[in-house]
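What follows is run38.pdb (PDB, C-alpha atoms and all ligand atoms).
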ATOM      1  CA  MET C   1       5.931  22.342  13.818
ATOM      2  CA  THR C   2       3.425  21.501  11.138
ATOM      3  CA  GLU C   3       0.912  18.887  12.098
ATOM      4  CA  SER C   4       0.881  15.868   9.849
ATOM      5  CA  ILE C   5      -2.615  15.153   8.675
ATOM      6  CA  ILE C   6      -4.310  12.882   6.249
ATOM      7  CA  HIS C   7      -7.700  14.010   5.010
ATOM      8  CA  SER C   8      -9.747  11.038   4.151
ATOM      9  CA  GLN C   9     -13.129  11.378   2.650
ATOM     10  CA  ARG C  10     -15.282   8.294   2.248
ATOM     11  CA  PRO C  11     -15.802   7.486  -1.421
ATOM     12  CA  GLN C  12     -19.240   7.297  -2.970
ATOM     13  CA  THR C  13     -20.422   3.762  -3.590
ATOM     14  CA  THR C  14     -21.447   2.832  -7.101
ATOM     15  CA  ASP C  15     -25.054   2.119  -6.145
ATOM     16  CA  GLY C  16     -25.290   4.245  -3.007
ATOM     17  CA  HIS C  17     -25.820   1.077  -1.006
ATOM     18  CA  LEU C  18     -23.763   0.719   2.138
ATOM     19  CA  ARG C  19     -23.707  -2.594   3.935
ATOM     20  CA  GLU C  20     -24.405  -2.465   7.634
ATOM     21  CA  GLN C  21     -21.392  -4.526   8.626
ATOM     22  CA  ARG C  22     -18.359  -2.332   8.047
ATOM     23  CA  LEU C  23     -15.419  -4.661   8.222
ATOM     24  CA  ILE C  24     -11.695  -4.078   8.264
ATOM     25  CA  VAL C  25     -10.226  -6.141   5.424
ATOM     26  CA  THR C  26      -6.433  -6.313   5.117
ATOM     27  CA  ILE C  27      -4.387  -7.429   2.121
ATOM     28  CA  ASP C  28      -0.646  -7.932   2.497
ATOM     29  CA  GLY C  29       1.913  -9.396   0.162
ATOM     30  CA  PRO C  30       4.937  -8.675  -2.004
ATOM     31  CA  ALA C  31       5.089  -6.337  -5.013
ATOM     32  CA  GLY C  32       3.291  -7.638  -8.083
ATOM     33  CA  ALA C  33       1.096 -10.157  -6.252
ATOM     34  CA  GLY C  34      -1.972  -8.197  -7.409
ATOM     35  CA  LYS C  35      -2.859  -6.442  -4.148
ATOM     36  CA  SER C  36      -3.760  -3.018  -5.538
ATOM     37  CA  THR C  37      -5.877  -4.319  -8.390
ATOM     38  CA  VAL C  38      -8.005  -6.588  -6.226
ATOM     39  CA  ALA C  39      -8.106  -4.197  -3.255
ATOM     40  CA  LYS C  40      -9.637  -1.488  -5.459
ATOM     41  CA  LEU C  41     -12.199  -3.914  -6.905
ATOM     42  CA  LEU C  42     -13.153  -5.284  -3.495
ATOM     43  CA  ALA C  43     -13.516  -1.773  -2.070
ATOM     44  CA  LEU C  44     -15.783  -0.863  -4.961
ATOM     45  CA  ARG C  45     -17.937  -3.983  -4.584
ATOM     46  CA  LEU C  46     -18.292  -3.477  -0.844
ATOM     47  CA  GLY C  47     -18.663   0.307  -0.935
ATOM     48  CA  TYR C  48     -15.590   0.553   1.310
ATOM     49  CA  LEU C  49     -12.638   2.896   1.394
ATOM     50  CA  TYR C  50      -9.498   1.660  -0.366
ATOM     51  CA  LEU C  51      -6.444   2.450   1.763
ATOM     52  CA  ASP C  52      -3.176   2.204  -0.152
ATOM     53  CA  THR C  53      -0.565   2.322   2.626
ATOM     54  CA  GLY C  54       2.333   1.902   0.188
ATOM     55  CA  ALA C  55       1.447   5.390  -1.121
ATOM     56  CA  LEU C  56       2.212   6.806   2.331
ATOM     57  CA  TYR C  57       5.686   5.245   2.395
ATOM     58  CA  ARG C  58       6.201   6.432  -1.166
ATOM     59  CA  ALA C  59       5.208   9.996  -0.162
ATOM     60  CA  VAL C  60       7.784   9.940   2.646
ATOM     61  CA  ALA C  61      10.396   8.640   0.189
ATOM     62  CA  TRP C  62       9.537  11.479  -2.185
ATOM     63  CA  LYS C  63      10.034  14.013   0.603
ATOM     64  CA  VAL C  64      13.373  12.458   1.597
ATOM     65  CA  ARG C  65      14.566  12.626  -1.994
ATOM     66  CA  THR C  66      13.458  16.202  -2.674
ATOM     67  CA  SER C  67      14.994  17.340   0.621
ATOM     68  CA  GLY C  68      18.331  15.904  -0.490
ATOM     69  CA  ILE C  69      18.620  13.808   2.655
ATOM     70  CA  ASP C  70      20.701  10.636   2.733
ATOM     71  CA  PRO C  71      18.188   7.844   3.499
ATOM     72  CA  SER C  72      20.818   5.961   5.479
ATOM     73  CA  ASP C  73      20.916   8.907   7.919
ATOM     74  CA  HIS C  74      17.981   7.767  10.050
ATOM     75  CA  GLU C  75      18.242  10.725  12.400
ATOM     76  CA  ALA C  76      17.942  13.223   9.540
ATOM     77  CA  VAL C  77      14.942  11.336   8.104
ATOM     78  CA  ALA C  78      13.269  11.304  11.528
ATOM     79  CA  LYS C  79      13.805  15.077  11.868
ATOM     80  CA  LEU C  80      12.086  15.652   8.554
ATOM     81  CA  LEU C  81       8.830  13.966   9.581
ATOM     82  CA  PRO C  82       7.272  16.571  11.924
ATOM     83  CA  SER C  83       7.370  19.166   9.150
ATOM     84  CA  THR C  84       5.894  16.772   6.583
ATOM     85  CA  THR C  85       2.224  16.812   5.656
ATOM     86  CA  VAL C  86       0.891  13.968   3.537
ATOM     87  CA  THR C  87      -2.630  14.349   2.209
ATOM     88  CA  MET C  88      -4.757  11.694   0.546
ATOM     89  CA  ALA C  89      -7.780  13.134  -1.199
ATOM     90  CA  TYR C  90     -10.189  10.472  -2.367
ATOM     91  CA  ARG C  91     -11.603  10.721  -5.854
ATOM     92  CA  PRO C  92     -13.898   8.139  -7.444
ATOM     93  CA  GLU C  93     -11.176   6.931  -9.806
ATOM     94  CA  GLN C  94      -8.058   7.214  -7.630
ATOM     95  CA  ALA C  95      -6.779   8.809  -4.413
ATOM     96  CA  ARG C  96      -4.615  11.871  -5.090
ATOM     97  CA  VAL C  97      -1.545  12.015  -2.889
ATOM     98  CA  SER C  98       0.065  15.332  -1.945
ATOM     99  CA  VAL C  99       3.115  16.195   0.086
ATOM    100  CA  GLU C 100       2.671  19.648   1.547
ATOM    101  CA  LYS C 101       0.686  21.291  -1.240
ATOM    102  CA  GLN C 102       2.287  19.438  -4.144
ATOM    103  CA  ASP C 103       0.384  16.682  -5.931
ATOM    104  CA  VAL C 104       2.820  13.740  -6.217
ATOM    105  CA  THR C 105       0.338  11.035  -7.288
ATOM    106  CA  GLU C 106       2.185  10.143 -10.478
ATOM    107  CA  GLU C 107       5.714  11.005  -9.323
ATOM    108  CA  ILE C 108       5.638   8.484  -6.467
ATOM    109  CA  ARG C 109       5.129   5.597  -8.921
ATOM    110  CA  THR C 110       8.591   5.688 -10.496
ATOM    111  CA  PRO C 111      11.038   2.777 -10.019
ATOM    112  CA  GLU C 112      13.363   5.172  -8.158
ATOM    113  CA  ILE C 113      10.707   6.012  -5.559
ATOM    114  CA  SER C 114       9.753   2.315  -5.284
ATOM    115  CA  ARG C 115      13.337   1.514  -4.294
ATOM    116  CA  LEU C 116      13.570   4.438  -1.882
ATOM    117  CA  ALA C 117      10.175   3.677  -0.299
ATOM    118  CA  SER C 118      11.396   0.199   0.593
ATOM    119  CA  VAL C 119      14.544   1.706   2.144
ATOM    120  CA  VAL C 120      12.776   4.387   4.213
ATOM    121  CA  SER C 121      10.071   1.924   5.296
ATOM    122  CA  ALA C 122      12.729   0.026   7.276
ATOM    123  CA  ILE C 123      13.404   3.134   9.412
ATOM    124  CA  PRO C 124      11.597   2.682  12.751
ATOM    125  CA  ALA C 125      10.745   6.422  13.066
ATOM    126  CA  VAL C 126       8.975   6.353   9.694
ATOM    127  CA  ARG C 127       6.884   3.309  10.616
ATOM    128  CA  GLU C 128       6.004   4.823  14.001
ATOM    129  CA  TRP C 129       4.975   8.070  12.342
ATOM    130  CA  LEU C 130       2.689   6.377   9.828
ATOM    131  CA  LEU C 131       1.100   3.925  12.255
ATOM    132  CA  PRO C 132      -1.494   6.260  13.861
ATOM    133  CA  VAL C 133      -2.219   7.803  10.464
ATOM    134  CA  GLN C 134      -3.237   4.432   9.033
ATOM    135  CA  ARG C 135      -5.222   3.482  12.120
ATOM    136  CA  ARG C 136      -7.066   6.799  12.109
ATOM    137  CA  ILE C 137      -8.233   6.191   8.552
ATOM    138  CA  GLY C 138      -9.156   2.530   8.960
ATOM    139  CA  SER C 139     -10.156   1.761  12.503
ATOM    140  CA  ALA C 140     -13.821   2.780  12.049
ATOM    141  CA  GLY C 141     -14.137  -0.088   9.557
ATOM    142  CA  GLY C 142     -15.509  -0.125   6.031
ATOM    143  CA  VAL C 143     -11.988  -0.289   4.674
ATOM    144  CA  VAL C 144      -9.881  -2.485   2.417
ATOM    145  CA  ALA C 145      -6.314  -1.730   3.485
ATOM    146  CA  GLU C 146      -3.368  -2.903   1.438
ATOM    147  CA  GLY C 147       0.352  -3.080   2.276
ATOM    148  CA  ARG C 148       2.928  -5.239   4.015
ATOM    149  CA  ASP C 149       2.069  -5.235   7.737
ATOM    150  CA  LEU C 150      -1.660  -4.493   7.822
ATOM    151  CA  GLY C 151      -2.718  -7.846   9.229
ATOM    152  CA  THR C 152       0.257  -8.220  11.555
ATOM    153  CA  ARG C 153       0.779  -4.727  12.946
ATOM    154  CA  VAL C 154      -1.555  -1.977  11.788
ATOM    155  CA  PHE C 155      -4.854  -3.861  12.197
ATOM    156  CA  PRO C 156      -4.024  -7.060  14.115
ATOM    157  CA  ALA C 157      -7.723  -7.472  14.985
ATOM    158  CA  ALA C 158      -8.934  -7.039  11.373
ATOM    159  CA  ASP C 159     -12.107  -8.968  10.489
ATOM    160  CA  VAL C 160     -10.670 -10.579   7.362
ATOM    161  CA  LYS C 161      -6.985 -10.888   6.465
ATOM    162  CA  PHE C 162      -5.478 -11.900   3.156
ATOM    163  CA  PHE C 163      -1.920 -12.538   2.075
ATOM    164  CA  LEU C 164      -1.403 -12.600  -1.679
ATOM    165  CA  GLU C 165       1.530 -14.440  -3.219
ATOM    166  CA  ALA C 166       2.601 -15.155  -6.800
ATOM    167  CA  ASP C 167       5.633 -16.646  -8.559
ATOM    168  CA  MET C 168       8.496 -14.231  -9.122
ATOM    169  CA  GLU C 169       8.244 -14.454 -12.919
ATOM    170  CA  VAL C 170       4.523 -13.665 -12.828
ATOM    171  CA  ARG C 171       5.076 -10.739 -10.466
ATOM    172  CA  ALA C 172       7.929  -9.318 -12.528
ATOM    173  CA  ALA C 173       5.861  -9.535 -15.729
ATOM    174  CA  ARG C 174       2.859  -7.833 -14.101
ATOM    175  CA  ARG C 175       4.938  -5.010 -12.646
ATOM    176  CA  HIS C 176       6.737  -4.575 -15.960
ATOM    177  CA  ARG C 177       3.405  -4.219 -17.805
ATOM    178  CA  GLU C 178       2.182  -1.657 -15.257
ATOM    179  CA  LEU C 179       5.368   0.400 -15.454
ATOM    180  CA  THR C 180       5.371   0.345 -19.248
ATOM    181  CA  ALA C 181       1.737   1.510 -19.309
ATOM    182  CA  ALA C 182       2.640   4.360 -16.932
ATOM    183  CA  GLY C 183       5.503   5.455 -19.191
ATOM    184  CA  HIS C 184       8.353   4.048 -17.055
ATOM    185  CA  ALA C 185       9.548   1.393 -19.479
ATOM    186  CA  ALA C 186      12.647  -0.507 -18.318
ATOM    187  CA  PRO C 187      14.065  -3.907 -19.258
ATOM    188  CA  LEU C 188      12.191  -6.827 -17.674
ATOM    189  CA  THR C 189      15.437  -8.001 -16.051
ATOM    190  CA  GLU C 190      15.730  -4.656 -14.245
ATOM    191  CA  THR C 191      12.117  -4.821 -12.995
ATOM    192  CA  ARG C 192      12.673  -8.396 -11.782
ATOM    193  CA  GLN C 193      15.861  -7.372  -9.965
ATOM    194  CA  ASP C 194      14.081  -4.393  -8.383
ATOM    195  CA  ILE C 195      11.229  -6.429  -6.956
ATOM    196  CA  GLN C 196      13.601  -9.167  -5.767
ATOM    197  CA  THR C 197      15.688  -6.599  -3.885
ATOM    198  CA  ARG C 198      12.611  -4.905  -2.470
ATOM    199  CA  ASP C 199      11.162  -8.254  -1.346
ATOM    200  CA  THR C 200      14.334  -9.232   0.442
ATOM    201  CA  GLN C 201      14.434  -5.845   2.200
ATOM    202  CA  ASP C 202      10.734  -5.882   3.090
ATOM    203  CA  ARG C 203      10.840  -9.480   4.374
ATOM    204  CA  SER C 204      14.062  -9.195   6.345
ATOM    205  CA  ARG C 205      13.764  -5.837   8.099
ATOM    206  CA  ASP C 206      13.684  -5.895  11.902
ATOM    207  CA  ILE C 207      10.463  -3.969  12.361
ATOM    208  CA  ALA C 208       7.114  -5.162  10.946
ATOM    209  CA  PRO C 209       8.587  -7.363   8.198
ATOM    210  CA  LEU C 210       6.489  -8.704   5.349
ATOM    211  CA  VAL C 211       5.109 -11.976   6.706
ATOM    212  CA  PRO C 212       1.622 -13.518   6.591
ATOM    213  CA  ALA C 213      -0.416 -13.044   9.775
ATOM    214  CA  SER C 214      -1.056 -16.415  11.437
ATOM    215  CA  ASP C 215      -4.777 -16.001  10.709
ATOM    216  CA  ALA C 216      -4.393 -14.722   7.125
ATOM    217  CA  ASN C 217      -6.039 -16.393   4.120
ATOM    218  CA  VAL C 218      -3.121 -17.025   1.784
ATOM    219  CA  VAL C 219      -3.998 -16.800  -1.920
ATOM    220  CA  ASP C 220      -1.516 -17.685  -4.660
ATOM    221  CA  THR C 221      -2.588 -15.542  -7.620
ATOM    222  CA  SER C 222      -0.038 -16.935 -10.149
ATOM    223  CA  ASP C 223      -2.543 -18.941 -12.180
ATOM    224  CA  LEU C 224      -5.713 -17.010 -11.397
ATOM    225  CA  THR C 225      -7.421 -14.195 -13.287
ATOM    226  CA  VAL C 226      -8.259 -10.983 -11.438
ATOM    227  CA  ASP C 227     -11.948 -11.991 -11.368
ATOM    228  CA  GLN C 228     -11.103 -15.395  -9.924
ATOM    229  CA  VAL C 229      -9.036 -13.810  -7.153
ATOM    230  CA  VAL C 230     -11.740 -11.265  -6.348
ATOM    231  CA  ASP C 231     -14.473 -13.948  -6.315
ATOM    232  CA  ARG C 232     -12.405 -16.136  -4.005
ATOM    233  CA  MET C 233     -11.790 -13.230  -1.634
ATOM    234  CA  MET C 234     -15.420 -12.080  -1.763
ATOM    235  CA  ALA C 235     -16.505 -15.578  -0.707
ATOM    236  CA  VAL C 236     -14.336 -15.318   2.415
ATOM    237  CA  ILE C 237     -15.568 -11.784   3.174
ATOM    238  CA  ALA C 238     -19.232 -12.705   2.558
ATOM    239  CA  ALA C 239     -19.037 -15.282   5.318
ATOM    240  CA  LYS C 240     -18.359 -12.405   7.746
ATOM    241  CA  LEU C 241     -21.027 -10.021   6.499
TER
HETATM  242  O1  LIG X 301       2.928  -1.372  -1.947
HETATM  243  P1  LIG X 301       3.994  -0.485  -2.519
HETATM  244  O2  LIG X 301       4.829  -1.170  -3.572
HETATM  245  O3  LIG X 301       3.445   0.821  -3.007
HETATM  246  O4  LIG X 301       4.952  -0.138  -1.280
HETATM  247  C1  LIG X 301       6.168   0.563  -1.432
HETATM  248  C2  LIG X 301       7.115   0.179  -0.296
HETATM  249  O5  LIG X 301       6.590   0.661   0.949
HETATM  250  C3  LIG X 301       7.326  -1.312  -0.085
HETATM  251  O6  LIG X 301       8.452  -1.808  -0.799
HETATM  252  C4  LIG X 301       7.517  -1.462   1.396
HETATM  253  C5  LIG X 301       6.832  -0.258   1.987
HETATM  254  N1  LIG X 301       5.576  -0.577   2.666
HETATM  255  C6  LIG X 301       5.673  -1.051   3.955
HETATM  256  O7  LIG X 301       6.774  -1.239   4.465
HETATM  257  N2  LIG X 301       4.549  -1.282   4.660
HETATM  258  C7  LIG X 301       3.334  -1.108   4.122
HETATM  259  N3  LIG X 301       2.238  -1.344   4.837
HETATM  260  C8  LIG X 301       3.216  -0.655   2.776
HETATM  261  C9  LIG X 301       4.365  -0.413   2.067
END

Representation of the structure as structure tokens:
Amino acid sequence: MTESIIHSQRPQTTDGHLREQRLIVTIDGPAGAGKSTVAKLLALRLGYLYLDTGALYRAVAWKVRTSGIDPSDHEAVAKLLPSTTVTMAYRPEQARVSVEKQDVTEEIRTPEISRLASVVSAIPAVREWLLPVQRRIGSAGGVVAEGRDLGTRVFPAADVKFFLEADMEVRAARRHRELTAAGHAAPLTETRQDIQTRDTQDRSRDIAPLVPASDANVVDTSDLTVDQVVDRMMAVIAAKL
């Protein structure tokens, strides 16, 4: 049995300055709400690690697909996990994600893997398998962790919790722009349908559904610029530093 490990190396801060208080900051929310963009910027400003937990679910989805396993066969998916090794290697610009030895950083961003990641993330064995991995990376603090259940399940005692929301049209347009820039152009209607389906799945699954933690700061990003969102969030974080 191959051990499943994640190598995480703390990133260099831009000015070499590390704050003494190393908080756990969580950001949850649906696709297209702006989580990744602001999480990266906050991590950079704070000199913290940016933990993209969606990438872990995407890596599992990639493995399921390349193994030719039917994702509705939960037992087969569960059997695949012990022989799966996901590695996140931190680089200044972006974390590289590998499954076994293969770099899948770009491949896990396709619409197909987005759909499959949402499906496999509803499988209890997958969530159980990824839980200690995420906690191992983040529990020492100095982390901005982004996903769906960070504030509710992975880090329920996080120092600062955010839940980002945005109107469906705004989210669809943002995701469409991102996909087009990454070379995965598809009609806007298809992107909108994809994120609607994914949202419904992520919000309605039995285990760790997408829901704001009771103590989360909810931010609607529909009419805000990235800088405005980051400034608003920094003000909340600064009160804890
Ligand atoms: O954030 P993302 O779009 O890369 O996430 C892909 C899928 O992974 C998402 O549709 C649901 C799942 N996911 C999850 O269930 N829990 C998380 N903490 C992060 C992602």

For the contact check between chain C and ligand LIG 301 (chain X), emit one row per residue of chain C within 6 Å, containing the shortest atom pair and the distance in Å rounded to one decimal, counting all atoms listed in the file, chain then rising number order, as JSON lines.
{"residue": "C:Ala31", "atom": "CA", "partner": "X:LIG301", "partner_atom": "O2", "distance": 5.4}
{"residue": "C:Thr53", "atom": "CA", "partner": "X:LIG301", "partner_atom": "C8", "distance": 4.8}
{"residue": "C:Gly54", "atom": "CA", "partner": "X:LIG301", "partner_atom": "O3", "distance": 3.6}
{"residue": "C:Ala55", "atom": "CA", "partner": "X:LIG301", "partner_atom": "O3", "distance": 5.3}
{"residue": "C:Tyr57", "atom": "CA", "partner": "X:LIG301", "partner_atom": "O5", "distance": 4.9}
{"residue": "C:Arg58", "atom": "CA", "partner": "X:LIG301", "partner_atom": "C1", "distance": 5.9}
{"residue": "C:Ser114", "atom": "CA", "partner": "X:LIG301", "partner_atom": "C1", "distance": 5.5}
{"residue": "C:Ala117", "atom": "CA", "partner": "X:LIG301", "partner_atom": "C2", "distance": 4.6}
{"residue": "C:Ser118", "atom": "CA", "partner": "X:LIG301", "partner_atom": "O6", "distance": 3.8}
{"residue": "C:Ser121", "atom": "CA", "partner": "X:LIG301", "partner_atom": "O7", "distance": 4.6}
{"residue": "C:Gly147", "atom": "CA", "partner": "X:LIG301", "partner_atom": "N3", "distance": 3.6}
{"residue": "C:Arg148", "atom": "CA", "partner": "X:LIG301", "partner_atom": "N3", "distance": 4.0}
{"residue": "C:Asp149", "atom": "CA", "partner": "X:LIG301", "partner_atom": "N3", "distance": 4.9}
{"residue": "C:Leu150", "atom": "CA", "partner": "X:LIG301", "partner_atom": "N3", "distance": 5.8}
{"residue": "C:Arg198", "atom": "CA", "partner": "X:LIG301", "partner_atom": "O6", "distance": 5.4}
{"residue": "C:Asp202", "atom": "CA", "partner": "X:LIG301", "partner_atom": "C4", "distance": 5.7}

To one decimal place in Å, what is the distance between CA of Asp159 in chain C and CA of Arg22 in chain C?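 It comes out at 9.4 Å.
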
Taking the file above as input, evaluate the PyMOL selection byres (((chain C and resi 80) around 10) and not hetatm) and report the hits as a ChimeraX atom specification. /C:60,63-64,67,69,74-79,81-84,126

Tell me, as number ranges by chain, which residues lie within 10 Å of range 179-193 of chain C, counting only C-alpha atoms; anything in the same chain fewer than 4 positions away does not count. C: 106, 109-111, 168-175, 197-199

Matched chain/residue IDs from the PyMOL selection byres (((chain C and resi 102-105) around 10) and not hetatm), as an NGL selection string: :C and (55 or 58-59 or 62-63 or 86-88 or 94-101 or 106-109)

Limited to C-alpha atoms, could you put the picked residues into a file as a tab-separated table (two decimals), in the frame of the given file?
chain	number	residue	atom	x	y	z
C	55	ALA	CA	1.45	5.39	-1.12
C	58	ARG	CA	6.20	6.43	-1.17
C	59	ALA	CA	5.21	10.00	-0.16
C	62	TRP	CA	9.54	11.48	-2.18
C	63	LYS	CA	10.03	14.01	0.60
C	86	VAL	CA	0.89	13.97	3.54
C	87	THR	CA	-2.63	14.35	2.21
C	88	MET	CA	-4.76	11.69	0.55
C	94	GLN	CA	-8.06	7.21	-7.63
C	95	ALA	CA	-6.78	8.81	-4.41
C	96	ARG	CA	-4.62	11.87	-5.09
C	97	VAL	CA	-1.54	12.02	-2.89
C	98	SER	CA	0.06	15.33	-1.94
C	99	VAL	CA	3.12	16.20	0.09
C	100	GLU	CA	2.67	19.65	1.55
C	101	LYS	CA	0.69	21.29	-1.24
C	106	GLU	CA	2.18	10.14	-10.48
C	107	GLU	CA	5.71	11.00	-9.32
C	108	ILE	CA	5.64	8.48	-6.47
C	109	ARG	CA	5.13	5.60	-8.92

Which one of C:Val143, C:Ser214, C:Arg115, C:Arg153 sits closest to Leu130 in chain C if you count all atoms listed in the file?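 Distance minimum relative to Leu130 in chain C lands on C:Arg153.
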
Quick one: residues within 8 Å of range 38-40 of chain C, only C-alpha atoms, excluding same-chain residues fewer than 4 positions away - as a list in words?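 Here the answer would be Ile27, Gly34, Leu44, Tyr50, Val144, Ala145, Glu146, Val226, Val229 and Val230 of chain C.
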
Kindly save the residues from that selection, with C-alpha atoms included, as a CSV table (one decimal), keeping the file's coordinate frame.
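Contents of result_0.csv, freshly written:
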chain,number,residue,atom,x,y,z
C,27,ILE,CA,-4.4,-7.4,2.1
C,34,GLY,CA,-2.0,-8.2,-7.4
C,44,LEU,CA,-15.8,-0.9,-5.0
C,50,TYR,CA,-9.5,1.7,-0.4
C,144,VAL,CA,-9.9,-2.5,2.4
C,145,ALA,CA,-6.3,-1.7,3.5
C,146,GLU,CA,-3.4,-2.9,1.4
C,226,VAL,CA,-8.3,-11.0,-11.4
C,229,VAL,CA,-9.0,-13.8,-7.2
C,230,VAL,CA,-11.7,-11.3,-6.3

Quick one: of C:Ser139, C:Thr26, C:Thr66, C:Thr37, who's nearest to Thr221 in chain C, counting all atoms listed in the file?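 Among C:Ser139, C:Thr26, C:Thr66, C:Thr37, it is C:Thr37 that comes nearest to Thr221 in chain C.
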
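Across the structure, CA of Asp227 in chain C and CA of Ile24 in chain C are spaced 21.2 Å apart.
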
Report, in Å with one decimal, the straight-line distance from CA of Asp220 in chain C to CA of Ala140 in chain C.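 Separation between CA of Asp220 in chain C and CA of Ala140 in chain C: 29.1 Å.
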
If you apply the PyMOL selection byres (((chain C and resi 30) around 8) and not hetatm) to this file, what residues do you get, as a VMD selection string? chain C and resid 28 to 29 31 to 33 148 164 to 165 199 210

Using only the atoms of range 99-108 of chain C listed in the file, plus 3 Å on each side, state the axis-aligned box centre and edge lengths in Å rounded to one decimal, as AutoDock Vina command-line options.
--center_x 3.0 --center_y 14.9 --center_z -4.5 --size_x 11.4 --size_y 18.8 --size_z 18.0

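Closest to Arg135 in chain C among C:Leu41, C:Leu51, C:Arg177, C:Arg65 is C:Leu51, based on all atoms listed in the file.
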
Pick from C:Ala208, C:Arg203, C:Thr152, C:Ile113, whichever lies nearest to Pro71 in chain C using only C-alpha atoms: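 Looking only at the distances to Pro71 in chain C, the closest residue turns out to be C:Ile113.
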
For range 139-144 of chain C in the structure I just supplied, write out all heavy atoms - as a PDB file, in the first residue's frame.
ATOM      1  N   SER C 139      -3.159  23.016  10.162  1.00  0.00           N
ATOM      2  CA  SER C 139      -3.466  23.193  11.582  1.00  0.00           C
ATOM      3  C   SER C 139      -2.408  23.982  12.355  1.00  0.00           C
ATOM      4  O   SER C 139      -2.689  24.493  13.441  1.00  0.00           O
ATOM      5  CB  SER C 139      -3.739  21.848  12.249  1.00  0.00           C
ATOM      6  OG  SER C 139      -2.670  21.003  11.999  1.00  0.00           O
ATOM      7  N   ALA C 140      -1.185  24.104  11.799  1.00  0.00           N
ATOM      8  CA  ALA C 140      -0.158  24.897  12.492  1.00  0.00           C
ATOM      9  C   ALA C 140      -0.423  26.392  12.329  1.00  0.00           C
ATOM     10  O   ALA C 140       0.240  27.227  12.945  1.00  0.00           O
ATOM     11  CB  ALA C 140       1.223  24.546  11.961  1.00  0.00           C
ATOM     12  N   GLY C 141      -1.385  26.757  11.497  1.00  0.00           N
ATOM     13  CA  GLY C 141      -1.705  28.169  11.295  1.00  0.00           C
ATOM     14  C   GLY C 141      -0.872  28.780  10.183  1.00  0.00           C
ATOM     15  O   GLY C 141      -0.079  28.111   9.524  1.00  0.00           O
ATOM     16  N   GLY C 142      -1.079  30.088   9.966  1.00  0.00           N
ATOM     17  CA  GLY C 142      -0.380  30.759   8.875  1.00  0.00           C
ATOM     18  C   GLY C 142      -0.885  30.249   7.544  1.00  0.00           C
ATOM     19  O   GLY C 142      -0.118  30.005   6.622  1.00  0.00           O
ATOM     20  N   VAL C 143      -2.213  30.071   7.456  1.00  0.00           N
ATOM     21  CA  VAL C 143      -2.771  29.501   6.236  1.00  0.00           C
ATOM     22  C   VAL C 143      -4.068  30.207   5.849  1.00  0.00           C
ATOM     23  O   VAL C 143      -4.846  30.622   6.711  1.00  0.00           O
ATOM     24  CB  VAL C 143      -3.001  27.970   6.421  1.00  0.00           C
ATOM     25  CG1 VAL C 143      -4.112  27.684   7.429  1.00  0.00           C
ATOM     26  CG2 VAL C 143      -3.328  27.279   5.111  1.00  0.00           C
ATOM     27  N   VAL C 144      -4.248  30.380   4.542  1.00  0.00           N
ATOM     28  CA  VAL C 144      -5.536  30.817   4.004  1.00  0.00           C
ATOM     29  C   VAL C 144      -6.057  29.618   3.219  1.00  0.00           C
ATOM     30  O   VAL C 144      -5.499  29.260   2.184  1.00  0.00           O
ATOM     31  CB  VAL C 144      -5.393  32.045   3.072  1.00  0.00           C
ATOM     32  CG1 VAL C 144      -6.763  32.455   2.525  1.00  0.00           C
ATOM     33  CG2 VAL C 144      -4.752  33.223   3.806  1.00  0.00           C
TER      34      VAL C 144
END
